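J.: One file: model.pdb (PDB, C-alpha atoms).
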ATOM      1  CA  MET A 292     -29.161   6.915  -7.080
ATOM      2  CA  GLY A 293     -29.922   7.776  -3.504
ATOM      3  CA  GLY A 294     -32.519  10.286  -2.388
ATOM      4  CA  GLN A 295     -32.229  13.788  -3.827
ATOM      5  CA  ASP A 296     -32.239  15.271  -0.313
ATOM      6  CA  LEU A 297     -29.120  13.365   0.758
ATOM      7  CA  PRO A 298     -25.729  15.107   0.640
ATOM      8  CA  GLY A 299     -24.013  14.669  -2.705
ATOM      9  CA  VAL A 300     -20.785  12.665  -2.790
ATOM     10  CA  LEU A 301     -18.599  12.436  -5.878
ATOM     11  CA  VAL A 302     -17.359   8.930  -6.765
ATOM     12  CA  SER A 303     -15.242   7.713  -9.677
ATOM     13  CA  ALA A 304     -17.828   5.334 -11.141
ATOM     14  CA  LEU A 305     -20.353   2.676 -10.203
ATOM     15  CA  GLU A 306     -19.197   0.200 -12.847
ATOM     16  CA  GLY A 307     -15.837  -0.791 -14.294
ATOM     17  CA  PRO A 308     -12.324  -1.458 -12.939
ATOM     18  CA  THR A 309     -12.032   1.881 -11.101
ATOM     19  CA  ALA A 310     -15.541   1.814  -9.639
ATOM     20  CA  VAL A 311     -16.567   1.824  -6.014
ATOM     21  CA  PHE A 312     -16.903  -1.794  -4.823
ATOM     22  CA  GLU A 313     -20.367  -2.886  -5.898
ATOM     23  CA  GLY A 314     -21.041  -4.553  -2.567
ATOM     24  CA  HIS A 315     -20.702  -1.162  -0.839
ATOM     25  CA  VAL A 316     -22.975   0.874  -3.091
ATOM     26  CA  GLY A 317     -26.167   0.023  -1.229
ATOM     27  CA  ASP A 318     -24.696   1.054   2.127
ATOM     28  CA  LEU A 319     -23.294   4.276   0.676
ATOM     29  CA  GLN A 320     -26.634   5.210  -0.844
ATOM     30  CA  LYS A 321     -28.266   5.011   2.594
ATOM     31  CA  HIS A 322     -26.238   8.082   3.573
ATOM     32  CA  PHE A 323     -25.361   9.919   0.360
ATOM     33  CA  ARG A 324     -26.492  10.757  -3.116
ATOM     34  CA  LEU A 325     -23.711   9.225  -5.214
ATOM     35  CA  ILE A 326     -22.717  11.322  -8.217
ATOM     36  CA  THR A 327     -20.252   9.813 -10.676
ATOM     37  CA  VAL A 328     -17.501  11.793 -12.357
ATOM     38  CA  GLN A 329     -19.199  11.177 -15.704
ATOM     39  CA  GLU A 330     -22.465  12.644 -14.405
ATOM     40  CA  PHE A 331     -20.682  15.620 -12.898
ATOM     41  CA  MET A 332     -18.724  16.374 -16.052
ATOM     42  CA  GLY A 333     -21.957  16.323 -18.034
ATOM     43  CA  ASN A 334     -23.698  18.822 -15.761
ATOM     44  CA  LYS A 335     -21.177  20.765 -13.681
ATOM     45  CA  THR A 336     -23.351  23.830 -13.155
ATOM     46  CA  GLN A 337     -26.225  21.942 -11.530
ATOM     47  CA  LEU A 338     -24.341  19.159  -9.755
ATOM     48  CA  GLY A 339     -21.213  21.007  -8.568
ATOM     49  CA  PRO A 340     -22.933  22.915  -5.722
ATOM     50  CA  LYS A 341     -24.620  19.706  -4.539
ATOM     51  CA  ILE A 342     -21.363  17.795  -3.962
ATOM     52  CA  HIS A 343     -20.132  18.091  -0.382
ATOM     53  CA  ALA A 344     -17.589  15.270  -0.318
ATOM     54  CA  VAL A 345     -15.362  13.222  -2.586
ATOM     55  CA  TYR A 346     -15.124   9.485  -1.892
ATOM     56  CA  ILE A 347     -11.789   8.193  -3.187
ATOM     57  CA  TRP A 348     -11.559   4.462  -3.850
ATOM     58  CA  GLY A 349      -8.413   2.974  -5.336
ATOM     59  CA  GLY A 350      -6.957   6.459  -5.817
ATOM     60  CA  LYS A 351      -9.910   7.595  -7.963
ATOM     61  CA  PRO A 352     -11.225  10.112  -8.782
ATOM     62  CA  ALA A 353      -8.093  12.181  -9.271
ATOM     63  CA  ILE A 354      -8.327  15.626  -7.723
ATOM     64  CA  ASP A 355      -6.780  18.720  -9.267
ATOM     65  CA  ARG A 356      -7.356  22.468  -9.169
ATOM     66  CA  GLU A 357      -9.852  22.387 -12.022
ATOM     67  CA  LEU A 358     -12.028  19.828 -10.252
ATOM     68  CA  LEU A 359     -11.900  21.740  -6.980
ATOM     69  CA  GLN A 360     -12.943  24.950  -8.697
ATOM     70  CA  GLY A 361     -16.079  23.169  -9.888
ATOM     71  CA  LEU A 362     -17.035  22.019  -6.369
ATOM     72  CA  PRO A 363     -17.891  25.180  -4.403
ATOM     73  CA  ALA A 364     -19.627  23.279  -1.585
ATOM     74  CA  LEU A 365     -16.890  20.674  -1.087
ATOM     75  CA  LYS A 366     -15.994  20.139   2.564
ATOM     76  CA  ILE A 367     -14.027  16.870   2.698
ATOM     77  CA  VAL A 368     -12.065  14.403   0.621
ATOM     78  CA  ALA A 369     -12.254  10.922   2.163
ATOM     79  CA  SER A 370      -9.656   8.540   0.764
ATOM     80  CA  GLY A 371      -9.613   4.797   1.290
ATOM     81  CA  GLY A 372      -6.281   3.421   2.454
ATOM     82  CA  ALA A 373      -3.331   4.891   4.310
ATOM     83  CA  GLY A 374      -1.213   6.344   1.487
ATOM     84  CA  LEU A 375      -1.658   9.989   0.551
ATOM     85  CA  ASP A 376       0.792  10.331  -2.342
ATOM     86  CA  HIS A 377      -2.118  10.695  -4.790
ATOM     87  CA  LEU A 378      -3.374  13.829  -3.015
ATOM     88  CA  ASP A 379      -2.019  17.387  -3.059
ATOM     89  CA  LEU A 380      -2.679  18.207   0.585
ATOM     90  CA  LYS A 381      -1.552  21.817   0.298
ATOM     91  CA  LEU A 382      -3.866  22.390  -2.652
ATOM     92  CA  LEU A 383      -6.803  20.908  -0.761
ATOM     93  CA  ALA A 384      -6.017  23.012   2.299
ATOM     94  CA  SER A 385      -5.927  26.151   0.130
ATOM     95  CA  PHE A 386      -9.544  25.429  -0.815
ATOM     96  CA  GLY A 387     -10.467  24.864   2.840
ATOM     97  CA  VAL A 388     -11.140  21.178   2.227
ATOM     98  CA  LYS A 389     -10.605  18.608   4.976
ATOM     99  CA  VAL A 390      -8.961  15.236   4.320
ATOM    100  CA  ALA A 391      -9.499  11.865   5.991
ATOM    101  CA  ASN A 392      -8.067   8.412   5.284
ATOM    102  CA  THR A 393      -8.407   4.922   6.765
ATOM    103  CA  PRO A 394      -5.039   3.812   8.189
ATOM    104  CA  CYS A 395      -6.461   1.407  10.761
ATOM    105  CA  ALA A 396      -8.561  -0.505   8.219
ATOM    106  CA  VAL A 397      -5.554  -1.468   6.097
ATOM    107  CA  THR A 398      -3.064  -2.280   8.854
ATOM    108  CA  GLY A 399      -3.822  -5.937   9.549
ATOM    109  CA  PRO A 400      -4.519  -7.068   5.979
ATOM    110  CA  THR A 401      -1.409  -5.364   4.599
ATOM    111  CA  ALA A 402       0.800  -6.832   7.309
ATOM    112  CA  ASP A 403      -0.640 -10.254   6.492
ATOM    113  CA  MET A 404       0.193  -9.670   2.837
ATOM    114  CA  GLY A 405       3.736  -8.703   3.719
ATOM    115  CA  MET A 406       4.288 -11.973   5.525
ATOM    116  CA  ALA A 407       2.582 -13.907   2.731
ATOM    117  CA  LEU A 408       4.984 -12.414   0.188
ATOM    118  CA  LEU A 409       7.981 -13.034   2.437
ATOM    119  CA  LEU A 410       7.045 -16.677   2.861
ATOM    120  CA  ALA A 411       6.217 -17.110  -0.817
ATOM    121  CA  ALA A 412       9.570 -15.699  -1.890
ATOM    122  CA  ALA A 413      11.555 -17.614   0.737
ATOM    123  CA  ARG A 414       9.995 -20.970  -0.068
ATOM    124  CA  ARG A 415       9.683 -20.317  -3.822
ATOM    125  CA  VAL A 416       5.953 -20.964  -3.691
ATOM    126  CA  LEU A 417       5.207 -19.548  -7.133
ATOM    127  CA  GLU A 418       7.968 -21.569  -8.775
ATOM    128  CA  GLY A 419       6.867 -24.645  -6.848
ATOM    129  CA  HIS A 420       3.295 -24.240  -8.010
ATOM    130  CA  GLN A 421       4.380 -24.011 -11.628
ATOM    131  CA  LEU A 422       6.555 -27.098 -11.203
ATOM    132  CA  ALA A 423       3.753 -29.026  -9.528
ATOM    133  CA  ILE A 424       1.197 -28.321 -12.283
ATOM    134  CA  SER A 425       3.506 -28.425 -15.312
ATOM    135  CA  PRO A 426       2.627 -31.166 -17.842
ATOM    136  CA  ASP A 427       6.381 -31.703 -18.300
ATOM    137  CA  THR A 428       7.033 -32.577 -14.649
ATOM    138  CA  GLU A 429       7.908 -36.242 -14.165
ATOM    139  CA  ASN A 430       9.394 -36.126 -10.665
ATOM    140  CA  PHE A 431      10.150 -33.752  -7.805
ATOM    141  CA  SER A 432      13.802 -33.209  -6.996
ATOM    142  CA  ILE A 433      14.720 -33.727  -3.349
ATOM    143  CA  ASN A 434      17.309 -30.939  -3.815
ATOM    144  CA  TRP A 435      14.798 -28.230  -4.789
ATOM    145  CA  MET A 436      15.506 -25.732  -1.996
ATOM    146  CA  GLY A 437      14.146 -22.543  -0.493
ATOM    147  CA  GLN A 438      15.348 -20.232   2.269
ATOM    148  CA  GLU A 439      14.675 -20.702   5.982
ATOM    149  CA  VAL A 440      12.392 -18.095   7.560
ATOM    150  CA  THR A 441      12.436 -19.252  11.167
ATOM    151  CA  GLY A 442      15.351 -17.598  12.933
ATOM    152  CA  ALA A 443      16.257 -15.371   9.970
ATOM    153  CA  THR A 444      16.794 -11.616  10.263
ATOM    154  CA  LEU A 445      14.020  -9.355   9.017
ATOM    155  CA  GLY A 446      14.748  -5.697   8.403
ATOM    156  CA  ILE A 447      11.607  -3.556   8.386
ATOM    157  CA  VAL A 448      11.952  -0.157   6.732
ATOM    158  CA  GLY A 449       9.106   1.950   8.059
ATOM    159  CA  MET A 450       7.864   0.983  11.517
ATOM    160  CA  GLY A 451       4.477   2.667  11.468
ATOM    161  CA  ARG A 452       1.201   0.849  12.048
ATOM    162  CA  ILE A 453       1.782  -1.697   9.283
ATOM    163  CA  GLY A 454       5.475  -2.206   9.987
ATOM    164  CA  TYR A 455       4.760  -2.837  13.643
ATOM    165  CA  LYS A 456       2.078  -5.395  12.789
ATOM    166  CA  VAL A 457       4.594  -7.118  10.501
ATOM    167  CA  ALA A 458       7.022  -7.265  13.426
ATOM    168  CA  GLN A 459       4.355  -8.891  15.620
ATOM    169  CA  ARG A 460       3.810 -11.576  13.002
ATOM    170  CA  ALA A 461       7.511 -12.081  12.365
ATOM    171  CA  ARG A 462       8.182 -12.663  16.036
ATOM    172  CA  ALA A 463       5.954 -15.739  15.877
ATOM    173  CA  PHE A 464       8.464 -17.072  13.316
ATOM    174  CA  GLU A 465      11.273 -16.461  15.827
ATOM    175  CA  MET A 466      12.812 -13.934  13.478
ATOM    176  CA  LYS A 467      15.405 -11.417  14.584
ATOM    177  CA  ILE A 468      13.814  -8.043  13.857
ATOM    178  CA  LEU A 469      15.666  -4.894  12.866
ATOM    179  CA  TYR A 470      13.925  -1.692  11.896
ATOM    180  CA  HIS A 471      14.704   1.710  10.448
ATOM    181  CA  ASN A 472      12.241   4.529  10.913
ATOM    182  CA  ARG A 473      12.140   8.301  10.778
ATOM    183  CA  LYS A 474      11.563   8.256  14.529
ATOM    184  CA  ARG A 475      12.600   5.567  16.951
ATOM    185  CA  ARG A 476       9.740   3.810  18.729
ATOM    186  CA  LYS A 477       9.439   3.697  22.499
ATOM    187  CA  LEU A 478      11.640   1.141  24.235
ATOM    188  CA  GLU A 479       8.626  -0.737  25.575
ATOM    189  CA  GLU A 480       7.222  -1.024  22.029
ATOM    190  CA  GLU A 481      10.535  -2.416  20.809
ATOM    191  CA  GLU A 482      10.656  -4.912  23.658
ATOM    192  CA  VAL A 483       7.159  -6.250  22.940
ATOM    193  CA  VAL A 484       8.199  -7.402  19.450
ATOM    194  CA  GLY A 485      11.907  -7.865  20.162
ATOM    195  CA  ALA A 486      12.924  -5.220  17.603
ATOM    196  CA  THR A 487      16.297  -3.489  17.377
ATOM    197  CA  TYR A 488      16.490   0.040  16.002
ATOM    198  CA  CYS A 489      18.951   0.821  13.206
ATOM    199  CA  GLU A 490      19.575   4.537  12.980
ATOM    200  CA  ARG A 491      21.381   3.977   9.668
ATOM    201  CA  LEU A 492      19.502   2.248   6.846
ATOM    202  CA  ASP A 493      22.835   0.862   5.641
ATOM    203  CA  ASP A 494      23.244  -1.184   8.811
ATOM    204  CA  LEU A 495      19.826  -2.763   8.386
ATOM    205  CA  LEU A 496      20.461  -3.611   4.737
ATOM    206  CA  GLN A 497      23.812  -5.249   5.464
ATOM    207  CA  GLN A 498      22.483  -7.472   8.267
ATOM    208  CA  SER A 499      19.055  -8.545   7.003
ATOM    209  CA  ASP A 500      18.075 -11.784   5.291
ATOM    210  CA  PHE A 501      14.763 -10.189   4.323
ATOM    211  CA  VAL A 502      14.159  -6.467   3.822
ATOM    212  CA  MET A 503      10.540  -5.333   3.892
ATOM    213  CA  LEU A 504       9.465  -1.853   2.801
ATOM    214  CA  ALA A 505       6.388  -0.704   4.714
ATOM    215  CA  LEU A 506       6.635   3.063   4.480
ATOM    216  CA  SER A 507       4.778   5.845   2.714
ATOM    217  CA  LEU A 508       5.900   7.468  -0.516
ATOM    218  CA  THR A 509       7.161  11.012   0.030
ATOM    219  CA  PRO A 510       9.722  13.164  -1.772
ATOM    220  CA  GLN A 511      12.233  11.924   0.819
ATOM    221  CA  THR A 512      11.506   8.202   0.349
ATOM    222  CA  ARG A 513      11.142   8.153  -3.441
ATOM    223  CA  GLY A 514      13.902   5.927  -4.834
ATOM    224  CA  LEU A 515      15.023   4.993  -1.325
ATOM    225  CA  ILE A 516      16.268   1.614  -2.539
ATOM    226  CA  GLY A 517      18.588   2.009  -5.515
ATOM    227  CA  ARG A 518      21.731   0.367  -6.869
ATOM    228  CA  ARG A 519      23.860   1.373  -3.900
ATOM    229  CA  GLU A 520      21.360   0.071  -1.348
ATOM    230  CA  LEU A 521      20.795  -3.200  -3.206
ATOM    231  CA  ARG A 522      24.545  -3.828  -3.324
ATOM    232  CA  LEU A 523      24.679  -3.435   0.457
ATOM    233  CA  MET A 524      22.272  -6.353   0.872
ATOM    234  CA  LYS A 525      23.415  -9.944   1.198
ATOM    235  CA  PRO A 526      23.501 -11.955  -2.040
ATOM    236  CA  THR A 527      21.097 -14.357  -0.316
ATOM    237  CA  ALA A 528      18.729 -11.553   0.789
ATOM    238  CA  MET A 529      15.212 -10.921  -0.469
ATOM    239  CA  LEU A 530      13.387  -7.608  -0.892
ATOM    240  CA  ILE A 531       9.660  -7.346  -0.129
ATOM    241  CA  ASN A 532       7.735  -4.162  -0.974
ATOM    242  CA  ILE A 533       4.249  -3.518   0.410
ATOM    243  CA  GLY A 534       4.570   0.284   0.367
ATOM    244  CA  ARG A 535       4.699   2.002  -3.015
ATOM    245  CA  GLY A 536       6.458   1.060  -6.234
ATOM    246  CA  LEU A 537       8.403   4.312  -6.435
ATOM    247  CA  LEU A 538      10.233   3.509  -3.197
ATOM    248  CA  VAL A 539      12.454   1.284  -5.351
ATOM    249  CA  ASP A 540      14.516   2.055  -8.442
ATOM    250  CA  GLN A 541      13.032  -0.683 -10.625
ATOM    251  CA  ASP A 542      15.852  -0.615 -13.162
ATOM    252  CA  ALA A 543      18.326  -1.170 -10.349
ATOM    253  CA  LEU A 544      16.174  -3.967  -8.932
ATOM    254  CA  LEU A 545      15.970  -5.652 -12.332
ATOM    255  CA  GLU A 546      19.741  -5.561 -12.621
ATOM    256  CA  ALA A 547      20.178  -6.861  -9.070
ATOM    257  CA  LEU A 548      17.866  -9.811  -9.716
ATOM    258  CA  GLN A 549      19.377 -10.641 -13.091
ATOM    259  CA  THR A 550      22.956 -10.582 -11.787
ATOM    260  CA  GLU A 551      22.163 -12.215  -8.416
ATOM    261  CA  ILE A 552      23.204  -9.203  -6.377
ATOM    262  CA  ILE A 553      20.216 -10.226  -4.268
ATOM    263  CA  LYS A 554      18.418 -13.561  -4.243
ATOM    264  CA  ALA A 555      14.818 -12.581  -4.945
ATOM    265  CA  ALA A 556      12.083  -9.976  -4.613
ATOM    266  CA  ALA A 557       8.370 -10.009  -3.835
ATOM    267  CA  LEU A 558       6.364  -6.932  -4.776
ATOM    268  CA  ASP A 559       2.748  -6.025  -4.172
ATOM    269  CA  VAL A 560       3.437  -2.600  -5.702
ATOM    270  CA  THR A 561       5.237  -1.448  -8.850
ATOM    271  CA  TYR A 562       5.330   1.572 -11.109
ATOM    272  CA  PRO A 563       3.332   1.779 -13.180
ATOM    273  CA  GLU A 564       0.538  -0.536 -12.128
ATOM    274  CA  PRO A 565       0.232  -2.846 -13.902
ATOM    275  CA  LEU A 566       3.670  -3.093 -15.488
ATOM    276  CA  PRO A 567       3.745  -3.139 -19.305
ATOM    277  CA  ARG A 568       3.221  -6.701 -20.484
ATOM    278  CA  ASP A 569       6.698  -6.781 -22.057
ATOM    279  CA  HIS A 570       8.476  -5.513 -18.931
ATOM    280  CA  PRO A 571      11.591  -7.631 -18.201
ATOM    281  CA  LEU A 572      10.656  -8.036 -14.520
ATOM    282  CA  LEU A 573       7.740 -10.193 -15.635
ATOM    283  CA  LYS A 574      10.120 -12.699 -17.199
ATOM    284  CA  LEU A 575      12.214 -13.419 -14.099
ATOM    285  CA  LYS A 576      11.815 -16.555 -11.999
ATOM    286  CA  ASN A 577      13.159 -14.972  -8.823
ATOM    287  CA  ILE A 578      10.356 -12.454  -8.426
ATOM    288  CA  THR A 579       6.839 -12.746  -7.014
ATOM    289  CA  LEU A 580       4.330 -10.094  -8.107
ATOM    290  CA  THR A 581       0.824  -9.399  -6.850
ATOM    291  CA  PRO A 582      -1.607  -6.689  -8.089
ATOM    292  CA  HIS A 583      -1.515  -4.191  -5.190
ATOM    293  CA  ILE A 584      -3.852  -6.229  -2.990
ATOM    294  CA  GLY A 585      -2.361  -5.528   0.428
ATOM    295  CA  SER A 586      -5.655  -4.354   1.918
ATOM    296  CA  ALA A 587      -7.894  -6.392  -0.375
ATOM    297  CA  THR A 588      -9.901  -8.500   2.032
ATOM    298  CA  HIS A 589     -13.682  -8.347   2.370
ATOM    299  CA  GLN A 590     -13.345  -7.490   6.047
ATOM    300  CA  GLY A 591     -10.683  -4.822   5.533
ATOM    301  CA  ARG A 592     -12.508  -3.128   2.686
ATOM    302  CA  GLN A 593     -15.791  -3.160   4.621
ATOM    303  CA  GLN A 594     -14.065  -1.454   7.539
ATOM    304  CA  MET A 595     -12.507   1.014   5.101
ATOM    305  CA  MET A 596     -15.891   1.950   3.632
ATOM    306  CA  GLU A 597     -17.486   2.317   7.052
ATOM    307  CA  SER A 598     -14.612   4.528   8.199
ATOM    308  CA  LEU A 599     -14.973   6.774   5.145
ATOM    309  CA  VAL A 600     -18.711   7.114   5.745
ATOM    310  CA  GLU A 601     -18.097   7.983   9.385
ATOM    311  CA  SER A 602     -15.561  10.667   8.471
ATOM    312  CA  ILE A 603     -17.764  12.249   5.816
ATOM    313  CA  ARG A 604     -20.838  12.319   8.049
ATOM    314  CA  ALA A 605     -18.852  13.771  10.949
ATOM    315  CA  CYS A 606     -17.476  16.540   8.768
ATOM    316  CA  LEU A 607     -20.856  17.440   7.302
ATOM    317  CA  ASP A 608     -22.363  17.472  10.802
ATOM    318  CA  GLY A 609     -19.609  19.736  12.122
ATOM    319  CA  LEU A 610     -18.161  17.052  14.415
ATOM    320  CA  PRO A 611     -14.528  15.973  14.928
ATOM    321  CA  ILE A 612     -13.409  13.920  11.936
ATOM    322  CA  PRO A 613     -12.051  10.419  12.651
ATOM    323  CA  ASN A 614      -8.682   9.857  10.978
ATOM    324  CA  GLU A 615      -8.446  13.449   9.797
ATOM    325  CA  VAL A 616      -5.169  14.114   7.975
ATOM    326  CA  LEU A 617      -3.601  17.322   9.236
ATOM    327  CA  LEU A 618      -1.333  19.353   6.973
ATOM    328  CA  LYS A 619       2.076  19.491   8.646
TER     329      LYS A 619
END
For this file, produce the structure as structure tokens.
T.:
Amino acid sequence: MGGQDLPGVLVSALEGPTAVFEGHVGDLQKHFRLITVQEFMGNKTQLGPKIHAVYIWGGKPAIDRELLQGLPALKIVASGGAGLDHLDLKLLASFGVKVANTPCAVTGPTADMGMALLLAAARRVLEGHQLAISPDTENFSINWMGQEVTGATLGIVGMGRIGYKVAQRARAFEMKILYHNRKRRKLEEEEVVGATYCERLDDLLQQSDFVMLALSLTPQTRGLIGRRELRLMKPTAMLINIGRGLLVDQDALLEALQTEIIKAAALDVTYPEPLPRDHPLLKLKNITLTPHIGSATHQGRQQMMESLVESIRACLDGLPIPNEVLLK
């Protein structure tokens, strides 16, 4: 552990699948005394008053009223990533606790992942890999086809930081870009990436060859893509989700893929994560699944950690907090 005189920061664990990245521990311990949830639970009375911040990595540790009541000196919750659906912001505000996240650190890597999934689904990369390595393969059919990406229409649902970066990348593929967003972007921002605003989600769904979800999970966006929306899409269209699993009705998506209502899907997010090993989505050929790795690059995660450290230190020093999340 770090020096006893350093401010205490609660972390999920230092080992195991939900632990802070081991390569970051040394840097974190230069600034903070890291206290694991297990340590805290074993000695709440002594450790609770020494914890001034919670460092959330991969959505852990979970924060509820009981935890907050045991942290009388808590000033800030710093959460890696852009999504906030795992946090009760009103509850935190009621305890006078600040919140910070790291939206800039995840923007580029997640946009890259979105394009990787789009390309993989369009060109059937996963199926092609299996064909290429199968011991039963004797020849490659000249008629084994994928979908063209260059010149196709991409509909981006959610044109925030990540969605806009996706549009920048898609323009290099000469794609026609449509987008649907809670608020329309400035005309000059649209012109830079050649994007056309669709006030109605239905219009975007009906016109797009690829539909990419790059928006946050909120009560308003939960289940945004269901049976009705999937039936509006072209039978040749593909759905890519780099937002949150609950944006999509998975039962409806399963049905749409099985009955060829849409051509294919590529998902970096599902619900739950991971899916049960007997889930029918895992048996389909026209789906590409990755384990929620949108921001999982060494560079992106390093920037994320550094941003969290900066926010915590600023808060404890009484300075303006970078990337502070304000309760609306």
J.: List the spatial neighbours of range 353-363 of chain A as number ranges by chain - criterion: any atom at most 9 Å away, all atoms listed in the file, same-chain residues fewer than 2 positions off excluded.
T.: A: 303, 335-336, 338-343, 347, 350-351, 365-366, 377-379, 382-383, 386
J.: Could you expand the PyMOL selection byres ((chain A and resi 491-503) around 6) into the explicit residues it covers here, written as a list in words?
T.: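 Against this file, the PyMOL selection byres ((chain A and resi 491-503) around 6) returns the residues Thr444, Leu445, Gly446, Ile447, Cys489, Glu490, Leu504, Leu523, Met524, Ala528, Met529, Leu530, Ile531 and Asn532 of chain A.
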J.: Report as a PyMOL selection string the full result of the PyMOL selection byres ((chain A and resi 599) around 12) when it is applied to this structure.
T.: chain A and resi 300+315+318-319+322-323+344-348+367-373+390-396+592-598+600-606+612-615
J.: When you count only C-alpha atoms, which of these residues is closest to Asn472 in chain A: A:Val484, A:Arg460, A:Tyr455, A:Leu544?
T.: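 For Asn472 in chain A, the nearest of the given residues is A:Tyr455.
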J.: Mind working out the centre and edge lengths of an axis-aligned box for range 299-313 of chain A, all listed atoms inside, 6 Å added to each side, rounded to one decimal in Å and written as JSON?
T.:
{"center_x": -18.0, "center_y": 5.9, "center_z": -8.5, "size_x": 24.0, "size_y": 29.6, "size_z": 23.6}
J.: Work out how far apart CA of Leu607 in chain A and CA of Lys389 in chain A are and give it in Å to one decimal.
T.: 10.6 Å
J.: At what distance in Å, to one decimal, does CA of Gln438 in chain A lie from CA of Pro571 in chain A?
T.: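 Distance between the two atoms: 24.3 Å.
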J.: Select, from A:Ser425, A:Gly442, A:Lys574, A:Gly405, the residue with the minimum atom-to-atom distance to Asp559 in chain A, counting all atoms listed in the file.
T.: A:Gly405
J.: So which residues get picked by the PyMOL selection byres ((chain A and resi 468) around 7) here, written as a PyMOL selection string?
T.: chain A and resi 444-446+458+466-467+469-470+485-487
J.: By how many Å are CA of Leu617 in chain A and CA of Lys381 in chain A apart?
T.: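 Separating CA of Leu617 in chain A from CA of Lys381 in chain A is a distance of 10.2 Å.
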J.: Using all atoms listed in the file, tabulate the residues of range 403-494 of chain A lying at most 12 Å from any atom of range 583-587 of chain A, each with its closest atom pair and that distance in Å to one decimal, by chain and increasing residue number, as JSON lines.
T.:
{"residue": "A:Asp403", "atom": "CA", "partner": "A:Gly585", "partner_atom": "CA", "distance": 7.9}
{"residue": "A:Met404", "atom": "CA", "partner": "A:Gly585", "partner_atom": "CA", "distance": 5.4}
{"residue": "A:Gly405", "atom": "CA", "partner": "A:Gly585", "partner_atom": "CA", "distance": 7.6}
{"residue": "A:Met406", "atom": "CA", "partner": "A:Gly585", "partner_atom": "CA", "distance": 10.6}
{"residue": "A:Ala407", "atom": "CA", "partner": "A:Gly585", "partner_atom": "CA", "distance": 10.0}
{"residue": "A:Leu408", "atom": "CA", "partner": "A:Gly585", "partner_atom": "CA", "distance": 10.1}
{"residue": "A:Ile453", "atom": "CA", "partner": "A:Gly585", "partner_atom": "CA", "distance": 10.5}
J.: What lies within 9 Å of Ile552 in chain A using only C-alpha atoms, ignoring chain neighbours under 6 positions off, as a ChimeraX atom specification?
T.: /A:521-522,524-528,546
J.: Using all atoms listed in the file, which residue out of A:Pro352, A:Val539, A:Ala304, A:Thr441 lies closest to Glu330 in chain A?
T.: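 Under the stated criterion, the closest residue is A:Ala304.
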J.: So which residues are close to (6.3, -23.5, -11.6), meaning at most 12 Å away in the file's coordinates with only C-alpha atoms counted, and can you show them as an NGL selection string?
T.: :A and (415-428 or 431 or 435 or 575-577 or 579)
